[in-house]
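> So here's data_4.csv, just CSV, C-alpha atoms:
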```
chain,number,residue,atom,x,y,z
A,180,MET,CA,-26.4,-21.1,33.0
A,181,GLU,CA,-26.4,-21.5,29.2
A,182,ARG,CA,-24.7,-18.1,28.9
A,183,THR,CA,-22.0,-19.1,31.5
A,184,ALA,CA,-21.5,-22.4,29.7
A,185,ALA,CA,-21.1,-20.7,26.4
A,186,LEU,CA,-18.5,-18.3,27.8
A,187,ARG,CA,-16.7,-21.2,29.5
A,188,LEU,CA,-16.6,-23.1,26.2
A,189,ASP,CA,-15.3,-20.1,24.4
A,190,ALA,CA,-12.5,-19.6,27.0
A,191,GLU,CA,-11.5,-23.2,26.8
A,192,CYS,CA,-11.3,-23.2,23.0
A,193,THR,CA,-9.3,-20.0,22.8
A,194,THR,CA,-6.6,-20.8,25.2
A,195,GLY,CA,-3.4,-19.4,23.7
A,196,GLY,CA,-5.0,-16.5,22.0
A,197,GLY,CA,-7.2,-18.0,19.3
A,198,VAL,CA,-9.0,-20.9,17.8
A,199,GLY,CA,-7.2,-23.4,15.7
A,200,ILE,CA,-3.8,-23.9,17.3
A,201,GLY,CA,-2.9,-27.5,16.5
A,202,LEU,CA,-6.2,-28.1,14.6
A,203,THR,CA,-6.7,-29.0,11.0
A,204,SER,CA,-8.6,-26.6,8.7
A,205,ALA,CA,-11.8,-28.7,9.0
A,206,GLU,CA,-11.5,-29.0,12.8
A,207,ARG,CA,-10.9,-25.3,13.1
A,208,HIS,CA,-14.0,-24.5,11.1
A,209,ARG,CA,-16.1,-26.9,13.1
A,210,THR,CA,-14.8,-25.4,16.4
A,211,LEU,CA,-15.5,-21.8,15.2
A,212,MET,CA,-19.1,-22.7,14.1
A,213,ARG,CA,-19.7,-24.5,17.5
A,214,LEU,CA,-18.6,-21.4,19.4
A,215,ILE,CA,-20.7,-19.1,17.2
A,216,ASP,CA,-23.7,-21.2,17.7
A,217,ALA,CA,-23.2,-21.3,21.5
A,218,LEU,CA,-22.6,-17.5,21.8
A,219,ALA,CA,-25.2,-16.2,19.3
A,220,PRO,CA,-28.4,-16.8,21.5
A,221,HIS,CA,-27.0,-14.7,24.3
A,222,ALA,CA,-25.5,-11.8,22.3
A,223,ASP,CA,-28.5,-9.5,22.1
A,224,GLY,CA,-28.4,-7.0,25.0
A,225,ASP,CA,-25.1,-8.4,26.3
A,226,PRO,CA,-22.1,-6.4,25.1
A,227,SER,CA,-19.6,-8.8,26.5
A,228,VAL,CA,-21.0,-11.8,24.7
A,229,ALA,CA,-21.7,-9.8,21.5
A,230,ALA,CA,-18.1,-8.6,21.4
A,231,ARG,CA,-16.8,-12.2,21.9
A,232,LEU,CA,-19.2,-13.4,19.1
A,233,GLY,CA,-17.7,-10.7,16.9
A,234,LEU,CA,-14.2,-12.0,17.6
A,235,ARG,CA,-15.2,-15.5,16.5
A,236,TYR,CA,-16.8,-14.2,13.4
A,237,ALA,CA,-13.6,-12.3,12.7
A,238,GLU,CA,-11.6,-15.6,13.1
A,239,LEU,CA,-14.0,-17.4,10.8
A,240,ALA,CA,-13.6,-14.6,8.2
A,241,ARG,CA,-9.8,-15.0,8.4
A,242,HIS,CA,-10.1,-18.8,8.1
A,243,HIS,CA,-12.2,-18.4,4.9
A,244,PHE,CA,-10.0,-15.8,3.4
A,245,GLU,CA,-6.8,-17.8,4.0
A,246,ALA,CA,-8.5,-20.7,2.2
A,247,GLY,CA,-9.3,-18.5,-0.8
A,248,ARG,CA,-13.0,-18.2,-0.1
A,249,ARG,CA,-13.4,-14.4,-0.3
A,250,ALA,CA,-17.3,-14.3,-0.4
A,251,PRO,CA,-17.7,-16.3,2.8
A,252,ALA,CA,-14.9,-14.2,4.4
A,253,LEU,CA,-16.7,-11.0,3.6
A,254,SER,CA,-20.0,-12.4,5.0
A,255,ALA,CA,-18.3,-13.4,8.2
A,256,ALA,CA,-16.4,-10.1,8.4
A,257,GLY,CA,-19.6,-8.2,8.1
A,258,GLU,CA,-21.0,-10.1,11.0
A,259,ALA,CA,-17.9,-9.4,13.0
A,260,VAL,CA,-18.2,-5.7,12.4
A,261,ARG,CA,-21.9,-5.8,13.3
A,262,HIS,CA,-21.5,-7.6,16.6
A,263,CYS,CA,-18.4,-5.6,17.7
A,264,ALA,CA,-19.9,-2.1,16.9
A,265,GLY,CA,-22.2,-1.9,19.9
A,266,PRO,CA,-19.8,-3.1,22.6
A,267,ALA,CA,-17.1,-0.8,21.2
A,268,ARG,CA,-19.0,2.2,22.8
A,269,HIS,CA,-18.7,0.8,26.3
A,270,ASP,CA,-15.2,-0.7,26.6
A,271,PRO,CA,-11.8,0.3,25.2
A,272,GLU,CA,-10.8,-3.4,24.6
A,273,HIS,CA,-14.0,-4.0,22.7
A,274,ALA,CA,-13.3,-0.8,20.7
A,275,ARG,CA,-9.9,-2.3,19.7
A,276,TRP,CA,-11.7,-5.5,18.6
A,277,TYR,CA,-14.1,-3.4,16.5
A,278,ALA,CA,-11.2,-1.4,14.9
A,279,ARG,CA,-9.4,-4.6,13.9
A,280,ALA,CA,-12.7,-6.1,12.5
A,281,LEU,CA,-13.1,-3.0,10.4
A,282,THR,CA,-9.6,-3.2,9.1
A,283,SER,CA,-9.8,-6.9,8.3
A,284,ARG,CA,-13.1,-6.4,6.4
A,285,ALA,CA,-11.4,-3.6,4.4
A,286,ILE,CA,-8.5,-5.9,3.5
A,287,TYR,CA,-10.9,-8.6,2.2
A,288,LEU,CA,-12.9,-6.0,0.3
A,289,ALA,CA,-9.8,-4.5,-1.4
A,290,HIS,CA,-8.2,-7.8,-2.2
A,291,PRO,CA,-9.0,-7.7,-6.0
A,292,LEU,CA,-7.2,-4.3,-6.2
A,293,SER,CA,-3.8,-5.9,-5.4
A,294,ASP,CA,-1.7,-8.3,-7.4
A,295,GLU,CA,-0.2,-11.6,-6.2
A,296,LEU,CA,2.7,-9.7,-4.6
A,297,GLY,CA,0.3,-7.5,-2.6
A,298,LEU,CA,1.2,-4.4,-4.7
A,299,PRO,CA,-1.6,-2.2,-6.1
A,300,ARG,CA,-2.9,-3.6,-9.3
A,301,TYR,CA,-4.5,-0.4,-10.7
A,302,ALA,CA,-2.2,2.2,-9.1
A,303,PHE,CA,-1.6,4.2,-12.3
A,304,ARG,CA,-3.8,6.7,-14.0
A,305,GLY,CA,-2.7,5.9,-17.6
A,306,PRO,CA,-4.9,4.5,-20.3
A,307,GLY,CA,-4.4,0.9,-19.3
A,308,SER,CA,-6.7,-1.6,-17.7
A,309,ARG,CA,-9.0,-0.4,-15.0
A,310,PRO,CA,-11.0,-2.3,-12.3
A,311,SER,CA,-14.6,-3.1,-12.9
A,312,SER,CA,-17.3,-0.9,-11.3
A,313,ALA,CA,-18.0,-3.6,-8.7
A,314,VAL,CA,-14.3,-4.0,-7.7
A,315,ARG,CA,-13.9,-0.2,-7.5
A,316,ALA,CA,-17.1,0.0,-5.4
A,317,ASP,CA,-15.6,-2.6,-3.0
A,318,GLY,CA,-12.4,-0.5,-2.9
A,319,PHE,CA,-14.3,2.6,-1.8
A,320,ALA,CA,-16.2,0.6,0.8
A,321,ALA,CA,-12.8,-0.7,2.0
A,322,LEU,CA,-11.5,2.9,2.2
A,323,ALA,CA,-14.6,4.0,4.2
A,324,ALA,CA,-14.2,1.0,6.7
A,325,THR,CA,-10.5,1.9,7.2
A,326,ARG,CA,-11.4,5.5,7.9
A,327,ARG,CA,-13.8,4.3,10.5
A,328,ALA,CA,-11.1,2.2,12.0
A,329,VAL,CA,-8.8,5.2,12.2
A,330,ALA,CA,-11.5,7.2,13.9
A,331,VAL,CA,-12.0,4.4,16.5
A,332,TRP,CA,-8.2,4.2,17.3
A,333,ALA,CA,-8.0,8.0,17.4
A,334,GLY,CA,-10.8,8.1,20.0
A,335,LEU,CA,-9.0,5.9,22.4
A,336,ASP,CA,-6.5,7.0,25.1
A,337,GLN,CA,-3.4,7.9,23.2
A,338,ALA,CA,-1.3,7.7,26.5
A,339,GLU,CA,-1.5,3.9,26.1
A,340,PRO,CA,1.2,2.7,23.7
A,341,GLY,CA,-1.1,-0.1,22.3
A,342,ASN,CA,-3.6,2.5,21.2
A,343,ARG,CA,-1.0,4.6,19.5
A,344,GLU,CA,0.4,1.6,17.8
A,345,GLY,CA,-3.0,0.7,16.6
A,346,LEU,CA,-3.6,4.2,15.2
A,347,ALA,CA,-0.2,4.2,13.4
A,348,GLN,CA,-1.0,0.8,11.8
A,349,ALA,CA,-4.5,2.1,10.8
A,350,TYR,CA,-2.7,5.0,9.1
A,351,ALA,CA,-0.6,2.6,7.2
A,352,PHE,CA,-3.7,0.6,6.1
A,353,LEU,CA,-5.4,3.8,5.0
A,354,GLY,CA,-2.4,4.6,2.8
A,355,ASP,CA,-2.7,1.1,1.3
A,356,ARG,CA,-6.4,1.6,0.4
A,357,LEU,CA,-5.7,5.0,-1.1
A,358,GLU,CA,-2.8,3.7,-3.2
A,359,GLU,CA,-5.0,0.9,-4.5
A,360,LEU,CA,-7.5,3.5,-5.7
A,361,GLY,CA,-4.8,5.4,-7.6
A,362,ASP,CA,-4.1,8.3,-5.1
A,363,PRO,CA,-0.3,8.1,-4.5
A,364,VAL,CA,-0.2,11.5,-2.9
A,365,GLU,CA,-2.6,10.8,-0.1
A,366,ALA,CA,-1.2,7.3,0.2
A,367,ALA,CA,2.3,8.8,0.8
A,368,ALA,CA,0.9,11.3,3.3
A,369,TRP,CA,-0.7,8.6,5.5
A,370,ALA,CA,2.4,6.4,5.2
A,371,VAL,CA,4.5,9.3,6.6
A,372,ARG,CA,2.0,9.7,9.5
A,373,ALA,CA,2.2,6.0,10.2
A,374,GLU,CA,6.0,6.1,10.1
A,375,ARG,CA,6.2,9.0,12.5
A,376,GLY,CA,3.8,7.3,14.9
A,377,LEU,CA,5.9,4.1,14.9
A,378,CYS,CA,9.1,6.0,15.3
A,379,ALA,CA,7.7,7.7,18.4
A,380,LEU,CA,6.6,4.4,19.8
A,381,ARG,CA,10.0,2.8,19.2
A,382,ALA,CA,11.7,5.7,20.9
A,383,ASP,CA,9.4,5.2,23.9
A,384,ASP,CA,10.3,1.5,23.9
A,385,ARG,CA,14.0,2.4,24.1
A,386,ASP,CA,13.3,4.9,26.9
A,387,ASP,CA,11.6,2.1,28.8
A,388,LEU,CA,14.5,-0.2,28.1
A,389,ARG,CA,17.1,2.3,29.4
A,390,ALA,CA,15.1,2.6,32.6
A,391,VAL,CA,15.1,-1.2,33.1
A,392,GLY,CA,18.8,-1.4,31.9
A,393,ASP,CA,20.1,0.3,35.0
A,394,ALA,CA,18.8,-2.5,37.2
A,395,ALA,CA,19.3,-5.3,34.7
A,396,PRO,CA,22.2,-4.9,32.3
A,397,GLY,CA,21.8,-6.8,29.1
A,398,GLU,CA,18.0,-6.8,29.1
A,399,PRO,CA,16.8,-7.7,25.6
A,400,LYS,CA,14.8,-5.2,23.6
A,401,PRO,CA,11.1,-5.5,23.9
A,402,GLY,CA,9.5,-7.7,21.2
A,403,ARG,CA,7.5,-4.7,19.9
A,404,ASP,CA,10.7,-2.9,18.9
A,405,GLY,CA,11.6,-5.6,16.4
A,406,LEU,CA,8.0,-5.5,15.0
A,407,HIS,CA,8.3,-1.7,14.6
A,408,THR,CA,11.6,-2.0,12.8
A,409,ALA,CA,10.1,-4.4,10.2
A,410,LEU,CA,7.0,-2.1,9.8
A,411,LEU,CA,9.2,0.9,9.4
A,412,GLU,CA,11.2,-0.8,6.7
A,413,HIS,CA,8.0,-1.8,4.9
A,414,LEU,CA,6.7,1.8,5.2
A,415,GLY,CA,10.0,3.2,3.8
A,416,ASP,CA,9.7,1.0,0.7
A,417,GLN,CA,6.1,2.0,0.3
A,418,LEU,CA,7.0,5.7,0.5
A,419,GLU,CA,9.7,5.5,-2.1
A,420,ARG,CA,7.4,3.7,-4.5
A,421,ARG,CA,4.6,6.2,-4.0
A,422,LEU,CA,6.7,9.3,-4.2
A,423,ARG,CA,8.0,8.0,-7.6
A,424,ARG,CA,4.4,8.3,-8.9
A,425,CYS,CA,3.5,11.6,-7.3
A,426,PRO,CA,3.0,14.6,-9.7
A,427,PHE,CA,5.1,17.6,-8.8
A,428,ALA,CA,2.9,20.6,-8.1
A,429,ASP,CA,-0.1,18.8,-6.6
A,430,GLY,CA,2.0,16.0,-5.1
A,431,LEU,CA,5.6,16.5,-4.1
A,432,ALA,CA,5.3,20.2,-3.5
A,433,ARG,CA,2.1,19.9,-1.5
A,434,LEU,CA,3.6,17.1,0.7
A,435,ARG,CA,6.6,19.4,1.3
A,436,ALA,CA,4.3,22.3,2.2
A,437,ASP,CA,2.3,20.2,4.6
A,438,ASP,CA,5.5,18.9,6.3
A,439,LEU,CA,4.8,15.4,5.0
A,440,LEU,CA,7.9,14.8,2.9
A,441,PRO,CA,10.7,13.4,5.1
A,442,GLU,CA,14.1,15.1,4.7
A,443,ARG,CA,15.8,11.8,3.8
A,444,LEU,CA,13.5,11.6,0.7
A,445,LEU,CA,14.1,15.1,-0.6
A,446,PRO,CA,16.8,13.9,-3.1
A,447,LEU,CA,14.4,11.3,-4.4
A,448,ALA,CA,11.7,14.0,-4.8
A,449,VAL,CA,14.2,16.2,-6.7
A,450,LEU,CA,15.0,13.4,-9.0
A,451,ALA,CA,11.4,12.4,-9.6
A,452,ALA,CA,10.5,16.0,-10.5
A,453,ARG,CA,13.4,16.3,-13.0
A,454,ILE,CA,12.4,13.0,-14.6
A,455,ASP,CA,9.0,14.5,-15.1
A,456,GLY,CA,10.5,17.5,-16.9
A,457,VAL,CA,10.4,20.1,-14.1
A,458,GLU,CA,13.3,22.6,-14.3
A,459,ALA,CA,15.8,23.0,-11.4
A,460,GLY,CA,14.5,26.5,-10.4
A,461,ALA,CA,10.9,25.3,-10.2
A,462,ILE,CA,12.0,22.3,-8.2
A,463,ALA,CA,13.8,24.5,-5.7
A,464,ASP,CA,10.8,26.8,-5.3
A,465,GLY,CA,8.3,23.9,-5.0
A,466,LEU,CA,10.4,21.9,-2.5
A,467,ARG,CA,11.6,25.0,-0.6
A,468,LEU,CA,15.2,24.2,-1.3
A,469,ALA,CA,18.2,26.3,-2.3
A,470,LEU,CA,18.8,26.2,-6.0
A,471,PRO,CA,22.5,25.2,-5.5
A,472,GLU,CA,21.3,22.2,-3.4
A,473,VAL,CA,18.9,21.1,-6.2
A,474,GLU,CA,21.6,21.4,-8.8
A,475,ARG,CA,24.0,19.4,-6.6
A,476,VAL,CA,21.5,16.6,-6.3
A,477,LEU,CA,20.9,16.6,-10.0
A,478,ARG,CA,24.6,16.4,-10.7
A,479,ALA,CA,25.2,13.7,-8.1
A,480,ARG,CA,22.3,11.4,-8.7
A,481,SER,CA,21.6,9.6,-11.9
A,482,TRP,CA,18.5,7.6,-12.8
A,483,ARG,CA,18.3,4.3,-14.7
A,484,ALA,CA,16.3,4.9,-17.9
A,485,VAL,CA,14.9,1.6,-19.3
A,486,TRP,CA,13.3,1.6,-22.7
A,487,ARG,CA,11.6,-0.7,-25.1
A,488,PHE,CA,10.3,-0.4,-28.7
A,489,ASP,CA,7.5,-2.7,-29.6
A,490,THR,CA,6.1,-3.4,-33.1
A,491,ARG,CA,3.0,-5.1,-34.6
A,492,ASP,CA,1.3,-5.5,-37.9
A,493,ALA,CA,-1.5,-3.1,-38.8
A,494,ASP,CA,-4.0,-6.0,-38.5
A,495,GLY,CA,-3.8,-5.9,-34.7
A,496,ALA,CA,-1.4,-8.8,-34.1
A,497,PRO,CA,0.3,-9.0,-30.7
A,498,TRP,CA,3.0,-6.6,-29.9
A,499,THR,CA,6.6,-7.9,-30.3
A,500,PRO,CA,9.5,-6.3,-28.4
A,501,MET,CA,12.5,-5.3,-30.5
A,502,ALA,CA,16.1,-6.4,-29.8
A,503,TYR,CA,19.0,-4.3,-28.5
A,504,PRO,CA,19.6,-1.4,-28.9
A,505,TRP,CA,15.9,-0.8,-29.1
A,506,ARG,CA,15.4,-2.5,-25.8
A,507,GLY,CA,17.9,-1.5,-23.2
A,508,ALA,CA,18.9,0.7,-20.2
A,509,THR,CA,21.4,3.3,-19.3
A,510,ALA,CA,22.2,5.8,-16.5
A,511,VAL,CA,20.9,9.3,-17.1
A,512,THR,CA,22.0,12.5,-15.3
A,513,ASP,CA,19.9,15.7,-15.1
A,514,ARG,CA,17.6,14.8,-18.0
A,515,SER,CA,13.9,14.2,-18.2
A,516,ALA,CA,12.3,11.0,-19.4
A,517,ALA,CA,10.7,13.0,-22.2
A,518,ALA,CA,14.2,14.1,-23.4
A,519,VAL,CA,15.5,10.6,-23.3
A,520,GLY,CA,12.4,9.4,-25.2
A,521,ALA,CA,12.8,12.2,-27.8
A,522,ASP,CA,16.4,11.2,-28.5
A,523,LEU,CA,15.5,7.5,-28.8
A,524,THR,CA,12.6,8.4,-31.2
A,525,ASP,CA,14.9,10.5,-33.4
A,526,ALA,CA,17.5,7.7,-33.5
A,527,PHE,CA,14.8,5.2,-34.3
A,528,LEU,CA,13.3,7.2,-37.1
A,529,THR,CA,16.7,7.5,-38.9
A,530,SER,CA,17.7,3.9,-38.2
A,531,PRO,CA,17.6,1.1,-40.8
A,532,ASP,CA,15.7,-0.9,-38.1
A,533,ARG,CA,12.7,1.3,-38.5
A,534,PRO,CA,9.8,-0.8,-39.7
A,535,PRO,CA,7.9,-0.1,-43.0
A,536,ALA,CA,4.9,2.1,-43.0
A,537,PRO,CA,2.2,-0.5,-42.4
A,538,VAL,CA,3.8,-1.5,-39.1
A,539,HIS,CA,2.5,0.0,-35.9
A,540,TRP,CA,5.3,0.8,-33.3
A,541,ARG,CA,5.5,2.3,-29.9
A,542,LEU,CA,8.2,3.3,-27.3
A,543,ALA,CA,8.0,3.3,-23.5
A,544,VAL,CA,10.6,4.7,-21.1
A,545,TRP,CA,10.6,3.6,-17.5
A,546,TRP,CA,12.4,4.7,-14.4
A,547,GLU,CA,14.6,1.9,-12.9
A,548,ASP,CA,12.7,-1.2,-14.1
A,549,GLU,CA,10.7,-2.3,-17.2
A,550,ASP,CA,7.0,-2.5,-16.1
A,551,HIS,CA,3.6,-2.3,-17.7
A,552,LEU,CA,2.8,0.6,-19.9
A,553,ASP,CA,0.8,2.6,-17.4
A,554,ALA,CA,4.0,2.9,-15.3
A,555,ALA,CA,6.1,4.4,-18.1
A,556,ARG,CA,7.5,7.9,-17.6
A,557,PHE,CA,7.3,8.5,-21.3
A,558,ARG,CA,5.3,6.9,-24.1
A,559,HIS,CA,5.1,7.4,-27.8
A,560,ASP,CA,2.8,5.5,-30.1
A,561,ARG,CA,3.1,5.6,-33.9
A,562,ALA,CA,0.1,4.3,-35.8
A,563,PRO,CA,0.5,3.1,-39.4
A,564,GLY,CA,0.9,6.0,-41.9
A,565,ALA,CA,1.4,8.7,-39.2
A,566,ARG,CA,3.7,11.6,-40.2
A,567,SER,CA,6.6,12.7,-38.0
```
I'd like the structure from this file rewritten - as structure tokens, please.

Amino acid sequence: MERTAALRLDAECTTGGGVGIGLTSAERHRTLMRLIDALAPHADGDPSVAARLGLRYAELARHHFEAGRRAPALSAAGEAVRHCAGPARHDPEHARWYARALTSRAIYLAHPLSDELGLPRYAFRGPGSRPSSAVRADGFAALAATRRAVAVWAGLDQAEPGNREGLAQAYAFLGDRLEELGDPVEAAAWAVRAERGLCALRADDRDDLRAVGDAAPGEPKPGRDGLHTALLEHLGDQLERRLRRCPFADGLARLRADDLLPERLLPLAVLAARIDGVEAGAIADGLRLALPEVERVLRARSWRAVWRFDTRDADGAPWTPMAYPWRGATAVTDRSAAAVGADLTDAFLTSPDRPPAPVHWRLAVWWEDEDHLDAARFRHDRAPGARS
């Protein structure tokens, strides 16, 4: 009777899909704790109750995380994963709950690796700031949890669109975790897999729509199609950002060889390789393109080189950006960032604006936008007293 009463209470409090609709933050917390206390005594040996208890812990974790309480969120997310794991072996719906609990816990673990815009904070391999060992350990734990979520989704019936959608989204989350840990190549590969999965789902949605359309003209698109469109736009932005940071031989060329470089992004890959100093012939070989096609892209597509010279006194004072023309931007065609940087350095060394010997100066050249130094495509540092 107590078990039945607990399940009835849970059903009453989750009408509409979750706890907290129309409640204040404090009321939501009290309701979740009440449900957890009611379900917990009956969870051992009862997969249905255990899975439902896992759901409530997952909601509690999200509640804490949205309020900025990461440590309590991680604790609740761990309980959600623990309670969902057993039932996942017996029921596909419980397996889906388990996969989502794993993904959420991974997001909370990896949170310090992203900035306030949700972009990877430590994506570059340059000599700049690095995450602490604890933050990096959490990042690898997040990666492992996301891989487990991918395995759960992959083990479900892929004939069901919901399972295929869950797998595609898990691929996207896996790419996010890899990018945060500084692996843009693998991050791009999983984004492509996610994109392809979502494109296939959207095509299926449209096939279903055409089948309905014969009987009901003007039928609106399924809601999922709009969601897929938004996710595909997001993945497209992620892919472009990641491909910009991929090395050529072990990155862009490998993605192309593995059929994980979309045709629409080949011109971007050609341009990225040229900016990194790869010659046209090598680009053609690595990307399996005809040399005339590579040359055509390099003639037709320019890139925006953004540069900045900074100076500081030898005593270690803060860096001070210089004024125009030593801080500016221009369109560049068929030249590498190193070539642009070399020209700027030569001009600076012969300029009357060159600071005296005790002053330390540096140059950074970026692609498209001025960013932090780790993101520069070319860097040159000149310590006091250094010879040309």
> Compile the contact shell of segment 220-237 of chain A as number ranges by chain: residues with an atom at most 9 Å away, counting all atoms listed in the file, same-chain residues fewer than 3 positions apart removed.
A: 181-182, 185-186, 189, 197-198, 211-212, 214-217, 240-242, 252, 255-267, 269, 273, 276-277, 279-280, 283-284
> Between A:Ala190, A:Leu466, A:Ala250, A:Leu298, single out the one closest to Asp437 of chain A, counting only C-alpha atoms.
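Comparing A:Ala190, A:Leu466, A:Ala250, A:Leu298 against Asp437 of chain A, the winner is A:Leu466.
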> So, counting all atoms listed in the file, which residue among A:Trp486, A:Tyr287, A:Trp540, A:Trp545 is closest to Trp498 of chain A?
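With all atoms listed in the file as the atom set, the closest residue is A:Trp540.
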> Counting all atoms listed in the file, what is within 12 Å of Arg300 of chain A, bar same-chain residues fewer than 2 positions away, as an MDAnalysis selection string?
chainID A and resid 289:298 302:304 307:310 314:315 318 355:356 358:361 551 553:554
> Expressed in Å to a single decimal, how great is the separation between atom CA of Arg453 of chain A and atom CA of Arg514 of chain A?
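Straight-line distance from atom CA of Arg453 of chain A to atom CA of Arg514 of chain A works out to 6.7 Å.
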